[in-house]
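Chemist: Dropping in model.pdb, which is PDB, C-alpha atoms:
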ATOM      1  CA  MET A   1     202.614 -64.449  59.619
ATOM      2  CA  ALA A   2     199.387 -63.194  61.199
ATOM      3  CA  SER A   3     197.580 -63.529  57.874
ATOM      4  CA  LEU A   4     197.533 -67.335  57.994
ATOM      5  CA  ASP A   5     195.410 -69.536  60.252
ATOM      6  CA  ARG A   6     197.288 -71.697  62.754
ATOM      7  CA  VAL A   7     196.998 -74.989  64.561
ATOM      8  CA  LYS A   8     198.869 -76.073  67.685
ATOM      9  CA  VAL A   9     200.569 -79.481  67.792
ATOM     10  CA  LEU A  10     202.333 -80.827  70.886
ATOM     11  CA  VAL A  11     205.541 -82.836  70.471
ATOM     12  CA  LEU A  12     205.833 -85.147  73.490
ATOM     13  CA  GLY A  13     208.236 -87.830  74.652
ATOM     14  CA  ASP A  14     211.083 -88.562  77.060
ATOM     15  CA  SER A  15     214.246 -86.490  77.217
ATOM     16  CA  GLY A  16     216.851 -87.587  74.699
ATOM     17  CA  VAL A  17     214.513 -89.163  72.141
ATOM     18  CA  GLY A  18     215.254 -86.428  69.606
ATOM     19  CA  LYS A  19     212.197 -84.152  69.755
ATOM     20  CA  SER A  20     214.163 -80.950  69.137
ATOM     21  CA  SER A  21     215.997 -82.497  66.191
ATOM     22  CA  LEU A  22     212.703 -83.728  64.793
ATOM     23  CA  VAL A  23     210.984 -80.344  65.113
ATOM     24  CA  HIS A  24     213.923 -78.602  63.449
ATOM     25  CA  LEU A  25     213.814 -81.086  60.587
ATOM     26  CA  LEU A  26     210.044 -80.686  60.180
ATOM     27  CA  CYS A  27     210.137 -76.890  60.232
ATOM     28  CA  GLN A  28     213.455 -76.041  58.600
ATOM     29  CA  ASN A  29     214.030 -79.149  56.470
ATOM     30  CA  GLN A  30     217.540 -79.184  57.904
ATOM     31  CA  VAL A  31     219.468 -81.282  60.381
ATOM     32  CA  LEU A  32     219.926 -79.658  63.804
ATOM     33  CA  GLY A  33     223.675 -79.366  64.248
ATOM     34  CA  ASN A  34     223.967 -79.067  68.032
ATOM     35  CA  PRO A  35     220.802 -80.249  69.784
ATOM     36  CA  SER A  36     220.454 -79.320  73.452
ATOM     37  CA  TRP A  37     218.058 -80.175  76.271
ATOM     38  CA  THR A  38     214.738 -78.344  76.074
ATOM     39  CA  ILE A  39     213.850 -76.466  79.246
ATOM     40  CA  GLY A  40     210.126 -75.805  79.500
ATOM     41  CA  CYS A  41     208.948 -75.573  75.912
ATOM     42  CA  SER A  42     210.303 -74.472  72.534
ATOM     43  CA  VAL A  43     208.020 -73.487  69.642
ATOM     44  CA  ASP A  44     208.802 -73.592  65.931
ATOM     45  CA  VAL A  45     206.519 -73.101  62.939
ATOM     46  CA  ARG A  46     206.000 -75.182  59.809
ATOM     47  CA  VAL A  47     204.209 -73.923  56.703
ATOM     48  CA  GLU A  48     201.755 -76.583  55.543
ATOM     49  CA  ASP A  49     199.571 -76.730  52.442
ATOM     50  CA  TYR A  50     196.278 -78.313  53.462
ATOM     51  CA  LYS A  51     195.016 -80.770  50.818
ATOM     52  CA  GLU A  52     197.906 -79.860  48.554
ATOM     53  CA  GLY A  53     197.189 -80.233  44.853
ATOM     54  CA  THR A  54     193.407 -80.135  45.227
ATOM     55  CA  PRO A  55     190.871 -77.294  44.723
ATOM     56  CA  GLU A  56     190.598 -77.056  48.543
ATOM     57  CA  GLU A  57     194.317 -76.311  48.978
ATOM     58  CA  LYS A  58     195.045 -73.663  51.596
ATOM     59  CA  THR A  59     198.183 -72.702  53.481
ATOM     60  CA  PHE A  60     198.327 -72.921  57.275
ATOM     61  CA  TYR A  61     200.930 -72.469  59.988
ATOM     62  CA  ILE A  62     201.617 -75.522  62.151
ATOM     63  CA  GLU A  63     202.927 -74.498  65.566
ATOM     64  CA  LEU A  64     205.050 -77.362  66.912
ATOM     65  CA  TRP A  65     205.400 -77.135  70.696
ATOM     66  CA  ASP A  66     208.434 -79.147  71.786
ATOM     67  CA  VAL A  67     207.771 -79.833  75.479
ATOM     68  CA  GLY A  68     210.700 -80.666  77.766
ATOM     69  CA  GLY A  69     210.794 -84.401  78.448
ATOM     70  CA  SER A  70     211.567 -84.649  82.156
ATOM     71  CA  VAL A  71     209.361 -87.240  83.856
ATOM     72  CA  GLY A  72     208.331 -87.222  87.477
ATOM     73  CA  ASN A  73     205.604 -86.424  89.967
ATOM     74  CA  ALA A  74     206.937 -83.056  91.134
ATOM     75  CA  SER A  75     204.059 -80.596  91.272
ATOM     76  CA  SER A  76     206.261 -77.867  89.798
ATOM     77  CA  ILE A  77     206.973 -79.962  86.679
ATOM     78  CA  LYS A  78     203.343 -80.942  86.344
ATOM     79  CA  SER A  79     201.949 -77.424  86.744
ATOM     80  CA  THR A  80     204.487 -75.967  84.326
ATOM     81  CA  ARG A  81     203.658 -78.423  81.566
ATOM     82  CA  ALA A  82     199.912 -78.037  82.097
ATOM     83  CA  VAL A  83     200.180 -74.522  80.680
ATOM     84  CA  PHE A  84     201.428 -75.927  77.360
ATOM     85  CA  TYR A  85     198.532 -78.391  77.059
ATOM     86  CA  ASN A  86     195.808 -75.771  76.583
ATOM     87  CA  SER A  87     194.032 -75.442  73.213
ATOM     88  CA  VAL A  88     195.931 -78.258  71.524
ATOM     89  CA  ASN A  89     194.804 -79.469  68.103
ATOM     90  CA  GLY A  90     197.137 -82.443  67.611
ATOM     91  CA  ILE A  91     199.873 -84.473  69.320
ATOM     92  CA  ILE A  92     203.051 -86.072  67.972
ATOM     93  CA  LEU A  93     204.325 -88.795  70.318
ATOM     94  CA  VAL A  94     208.058 -89.377  69.914
ATOM     95  CA  HIS A  95     210.040 -92.391  71.125
ATOM     96  CA  ASP A  96     213.552 -93.707  70.657
ATOM     97  CA  LEU A  97     213.484 -97.020  68.805
ATOM     98  CA  THR A  98     216.598 -98.124  70.705
ATOM     99  CA  ASN A  99     215.011 -97.409  74.099
ATOM    100  CA  LYS A 100     212.055 -99.560  75.220
ATOM    101  CA  LYS A 101     211.268 -97.346  78.168
ATOM    102  CA  SER A 102     210.711 -94.302  75.945
ATOM    103  CA  SER A 103     208.116 -96.296  74.015
ATOM    104  CA  GLN A 104     206.362 -97.437  77.168
ATOM    105  CA  ASN A 105     206.229 -93.905  78.537
ATOM    106  CA  LEU A 106     204.231 -92.670  75.541
ATOM    107  CA  TYR A 107     201.088 -93.923  77.283
ATOM    108  CA  ARG A 108     201.844 -91.751  80.278
ATOM    109  CA  TRP A 109     202.683 -88.730  78.146
ATOM    110  CA  SER A 110     199.434 -89.022  76.216
ATOM    111  CA  LEU A 111     197.431 -89.340  79.413
ATOM    112  CA  GLU A 112     199.107 -86.331  80.953
ATOM    113  CA  ALA A 113     198.391 -84.176  77.907
ATOM    114  CA  LEU A 114     194.840 -85.368  77.319
ATOM    115  CA  ASN A 115     193.757 -85.519  80.958
ATOM    116  CA  LYS A 116     196.039 -82.775  82.262
ATOM    117  CA  ASP A 117     196.244 -84.433  85.681
ATOM    118  CA  SER A 118     198.183 -87.670  85.155
ATOM    119  CA  SER A 119     201.861 -86.835  85.335
ATOM    120  CA  PRO A 120     204.351 -89.354  83.868
ATOM    121  CA  THR A 121     206.108 -91.230  86.635
ATOM    122  CA  GLY A 122     208.791 -92.996  84.645
ATOM    123  CA  VAL A 123     207.721 -96.277  86.283
ATOM    124  CA  ILE A 124     207.458 -99.220  83.904
ATOM    125  CA  VAL A 125     204.483-101.483  84.543
ATOM    126  CA  SER A 126     203.592-104.837  83.010
ATOM    127  CA  ASN A 127     201.113-107.691  82.773
ATOM    128  CA  GLY A 128     197.552-106.371  82.885
ATOM    129  CA  ASP A 129     194.721-104.672  81.018
ATOM    130  CA  TYR A 130     194.771-101.823  78.506
ATOM    131  CA  ASP A 131     191.725-100.455  76.694
ATOM    132  CA  ARG A 132     192.774 -99.139  73.282
ATOM    133  CA  GLU A 133     189.217 -97.970  72.581
ATOM    134  CA  GLN A 134     189.984 -94.894  74.651
ATOM    135  CA  PHE A 135     192.276 -93.614  71.932
ATOM    136  CA  ALA A 136     189.739 -94.501  69.260
ATOM    137  CA  GLU A 137     187.350 -92.105  71.020
ATOM    138  CA  ASN A 138     189.984 -89.407  71.439
ATOM    139  CA  PRO A 139     189.130 -86.408  69.196
ATOM    140  CA  VAL A 140     192.705 -85.072  69.136
ATOM    141  CA  PRO A 141     194.676 -86.507  66.164
ATOM    142  CA  LEU A 142     197.824 -88.417  67.149
ATOM    143  CA  LEU A 143     200.950 -89.359  65.211
ATOM    144  CA  LEU A 144     203.707 -91.721  66.392
ATOM    145  CA  ILE A 145     207.311 -91.089  65.404
ATOM    146  CA  GLY A 146     210.159 -93.455  66.223
ATOM    147  CA  THR A 147     213.630 -91.907  66.049
ATOM    148  CA  LYS A 148     217.209 -93.215  65.735
ATOM    149  CA  PHE A 149     216.200 -95.795  63.149
ATOM    150  CA  ASP A 150     219.759 -95.587  61.812
ATOM    151  CA  GLN A 151     221.132 -96.876  65.115
ATOM    152  CA  ILE A 152     219.366-100.231  64.777
ATOM    153  CA  SER A 153     221.436-102.879  63.035
ATOM    154  CA  GLU A 154     219.949-104.568  59.985
ATOM    155  CA  THR A 155     219.713-107.846  61.867
ATOM    156  CA  LYS A 156     217.690-106.251  64.695
ATOM    157  CA  ARG A 157     215.287-104.066  62.703
ATOM    158  CA  ASN A 158     212.547-106.635  62.246
ATOM    159  CA  GLU A 159     212.646-107.437  65.954
ATOM    160  CA  VAL A 160     212.427-103.769  66.976
ATOM    161  CA  LEU A 161     209.664-102.878  64.506
ATOM    162  CA  THR A 162     207.659-105.915  65.585
ATOM    163  CA  ARG A 163     208.056-104.821  69.198
ATOM    164  CA  THR A 164     206.744-101.312  68.489
ATOM    165  CA  ALA A 165     204.112-102.158  65.862
ATOM    166  CA  PHE A 166     201.263-102.407  68.382
ATOM    167  CA  LEU A 167     201.728 -98.762  69.395
ATOM    168  CA  SER A 168     199.947 -97.458  66.313
ATOM    169  CA  GLU A 169     197.015 -99.766  67.031
ATOM    170  CA  ASP A 170     196.785 -98.741  70.672
ATOM    171  CA  PHE A 171     196.880 -95.045  69.871
ATOM    172  CA  ASN A 172     194.772 -95.365  66.714
ATOM    173  CA  ALA A 173     197.515 -93.463  64.915
ATOM    174  CA  GLU A 174     199.876 -93.858  61.995
ATOM    175  CA  GLU A 175     203.572 -94.341  62.707
ATOM    176  CA  ILE A 176     206.727 -93.002  61.124
ATOM    177  CA  ASN A 177     210.211 -94.338  61.818
ATOM    178  CA  LEU A 178     213.172 -92.207  60.815
ATOM    179  CA  ASP A 179     216.638 -90.822  61.401
ATOM    180  CA  CYS A 180     216.481 -87.126  62.315
ATOM    181  CA  THR A 181     219.962 -86.597  60.866
ATOM    182  CA  ASN A 182     218.819 -87.629  57.384
ATOM    183  CA  PRO A 183     216.201 -85.433  55.625
ATOM    184  CA  ARG A 184     215.644 -88.153  53.009
ATOM    185  CA  TYR A 185     213.385 -89.988  55.459
ATOM    186  CA  LEU A 186     210.835 -87.196  54.948
ATOM    187  CA  ALA A 187     211.543 -86.481  51.275
ATOM    188  CA  ALA A 188     208.540 -85.557  49.129
ATOM    189  CA  GLY A 189     206.741 -88.607  47.780
ATOM    190  CA  THR A 190     207.968 -91.027  50.440
ATOM    191  CA  SER A 191     205.470 -92.934  52.571
ATOM    192  CA  ASN A 192     206.668 -90.984  55.611
ATOM    193  CA  ALA A 193     205.983 -87.651  53.913
ATOM    194  CA  VAL A 194     202.515 -88.836  52.903
ATOM    195  CA  LYS A 195     201.711 -89.934  56.476
ATOM    196  CA  LEU A 196     202.967 -86.627  57.848
ATOM    197  CA  SER A 197     200.890 -84.609  55.404
ATOM    198  CA  ARG A 198     197.845 -86.748  56.148
ATOM    199  CA  PHE A 199     198.277 -86.120  59.875
ATOM    200  CA  PHE A 200     198.565 -82.352  59.484
ATOM    201  CA  ASP A 201     195.537 -82.333  57.160
ATOM    202  CA  LYS A 202     193.557 -84.159  59.834
ATOM    203  CA  VAL A 203     194.644 -81.672  62.502
ATOM    204  CA  ILE A 204     193.657 -78.723  60.318
ATOM    205  CA  GLU A 205     190.378 -80.320  59.320
ATOM    206  CA  LYS A 206     189.440 -81.021  62.936
ATOM    207  CA  ARG A 207     190.232 -77.438  63.889
ATOM    208  CA  TYR A 208     188.688 -75.515  61.006
ATOM    209  CA  PHE A 209     186.368 -77.744  59.001
ATOM    210  CA  THR A 210     184.319 -79.768  61.477
ATOM    211  CA  ARG A 211     181.266 -78.819  63.503
ATOM    212  CA  ASP A 212     182.959 -79.644  66.795
ATOM    213  CA  PRO A 213     186.542 -78.343  66.531
ATOM    214  CA  SER A 214     187.014 -78.154  70.312
ATOM    215  CA  PRO A 215     190.625 -79.099  71.108
ATOM    216  CA  MET A 216     191.784 -81.333  73.917
ATOM    217  CA  ALA A 217     188.462 -82.856  74.962
ATOM    218  CA  GLY A 218     190.282 -85.608  76.854
ATOM    219  CA  PHE A 219     189.182 -89.174  77.447
ATOM    220  CA  THR A 220     185.543 -89.959  78.095
ATOM    221  CA  ASP A 221     186.096 -92.322  81.012
ATOM    222  CA  ARG A 222     189.465 -92.477  82.713
ATOM    223  CA  LYS A 223     188.437 -95.383  84.928
ATOM    224  CA  ARG A 224     188.564 -97.728  81.941
ATOM    225  CA  PHE A 225     192.371 -97.471  81.985
ATOM    226  CA  ASN A 226     194.272 -99.973  84.051
ATOM    227  CA  PHE A 227     197.987 -99.472  83.533
ATOM    228  CA  LYS A 228     199.108-102.981  84.325
ATOM    229  CA  SER A 229     200.351-103.715  80.853
ATOM    230  CA  LEU A 230     202.257-101.937  78.167
ATOM    231  CA  HIS A 231     202.756-105.136  76.173
ATOM    232  CA  TYR A 232     206.446-105.533  76.880
ATOM    233  CA  ASP A 233     208.205-108.445  78.474
TER
END
Translate the structure described by the file into structure tokens.
Modeler:
Amino acid sequence: MASLDRVKVLVLGDSGVGKSSLVHLLCQNQVLGNPSWTIGCSVDVRVEDYKEGTPEEKTFYIELWDVGGSVGNASSIKSTRAVFYNSVNGIILVHDLTNKKSSQNLYRWSLEALNKDSSPTGVIVSNGDYDREQFAENPVPLLLIGTKFDQISETKRNEVLTRTAFLSEDFNAEEINLDCTNPRYLAAGTSNAVKLSRFFDKVIEKRYFTRDPSPMAGFTDRKRFNFKSLHYD
């Protein structure tokens, strides 16, 4: 495995959203039979063909770091996770489509990872100002993945997807919605598979094929954030 270049991608989100199941599906192309709570961090590896089917095609290893999703201000939790945030080349933000709070907390997770000093509190805030340009300036590629799509009834799907649609705009990232117990959601040729491949290509390109590949540069001006609103009622 040492013969291939690697990139490091964080997988972040609240406990119970399905991060471990997602990582297993991405790396093994199989459903995780008995998912359990992640303590600390678990790492799995995906083989990815950069620019597949083109003359520039090259194989890389994608290290997917599944970080435990406990939220809180405890210094022990914060300091432990900070170790995992070093030298990161990309971030996958995972939320449960049936759980509004997990979607709201993605802002806090992204800030913690990119700033390394803003620990998620689990507190839901509303009605205020949010500057999405901060994520437009963020050099670390982001991807949004909503899980448990199968648990939303047909009559509620439009409502849920409308509710979460703004997330991709705020994070300047593409979004994928899926069921981690069904590999067909990521089958070759599907729009989800194309988005996933495009994300990994961007991560690899930023790391190996740009003049400034420095990972985890963070936000340029934290003061521009005012977490009074996460767009939910």
Chemist: Centre and edge lengths, as lines of an AutoDock Vina configuration file, for the axis-aligned box enclosing every listed atom of range 177-195 of chain A with 3 Å of padding on each of the six sides, in Å to one decimal?
Modeler:
center_x = 210.8
center_y = -89.9
center_z = 55.0
size_x = 24.3
size_y = 14.9
size_z = 20.5
Chemist: Please evaluate the PyMOL selection byres ((chain A and resi 207) around 10) against the structure above and give the resulting residues as a VMD selection string.
Modeler: chain A and resid 6 to 8 88 to 90 140 201 to 206 208 to 215
Chemist: For CA of Val47 in chain A and CA of Ala173 in chain A, determine how far apart the two atoms are, in Å to one decimal place.
Modeler: 22.2 Å
Chemist: Which residue gives the smallest distance to Thr80 in chain A among A:Val67, A:Gln28, A:Thr147, A:Val194, with all atoms listed in the file counted?
Modeler: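 Closest residue, counting all atoms listed in the file: A:Val67.
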Chemist: CA of Tyr85 in chain A and CA of Phe149 in chain A are how many Å apart?
Modeler: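 CA of Phe149 in chain A lies 28.4 Å from CA of Tyr85 in chain A.
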Chemist: Of the candidates A:Pro141, A:Lys19, A:Asp5, A:Phe84, which shows the shortest atom-to-atom distance to Tyr50 in chain A, using only C-alpha atoms?
Modeler: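 Closest to Tyr50 in chain A of all the choices is A:Asp5.
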Chemist: Could you list the residues chosen by the PyMOL selection byres ((chain A and resi 148) around 10) in this structure as a compact mmCIF listing (two decimals) with C-alpha atoms, keeping the file's coordinate frame?
Modeler:
# COMPACT_ATOMS: atom_id res chain seq x y z
CA VAL A 17 214.51 -89.16 72.14
CA GLY A 18 215.25 -86.43 69.61
CA HIS A 95 210.04 -92.39 71.12
CA ASP A 96 213.55 -93.71 70.66
CA LEU A 97 213.48 -97.02 68.81
CA THR A 98 216.60 -98.12 70.70
CA ASN A 99 215.01 -97.41 74.10
CA GLY A 146 210.16 -93.46 66.22
CA THR A 147 213.63 -91.91 66.05
CA PHE A 149 216.20 -95.80 63.15
CA ASP A 150 219.76 -95.59 61.81
CA GLN A 151 221.13 -96.88 65.11
CA ILE A 152 219.37 -100.23 64.78
CA ASN A 177 210.21 -94.34 61.82
CA LEU A 178 213.17 -92.21 60.82
CA ASP A 179 216.64 -90.82 61.40
CA CYS A 180 216.48 -87.13 62.32
CA THR A 181 219.96 -86.60 60.87
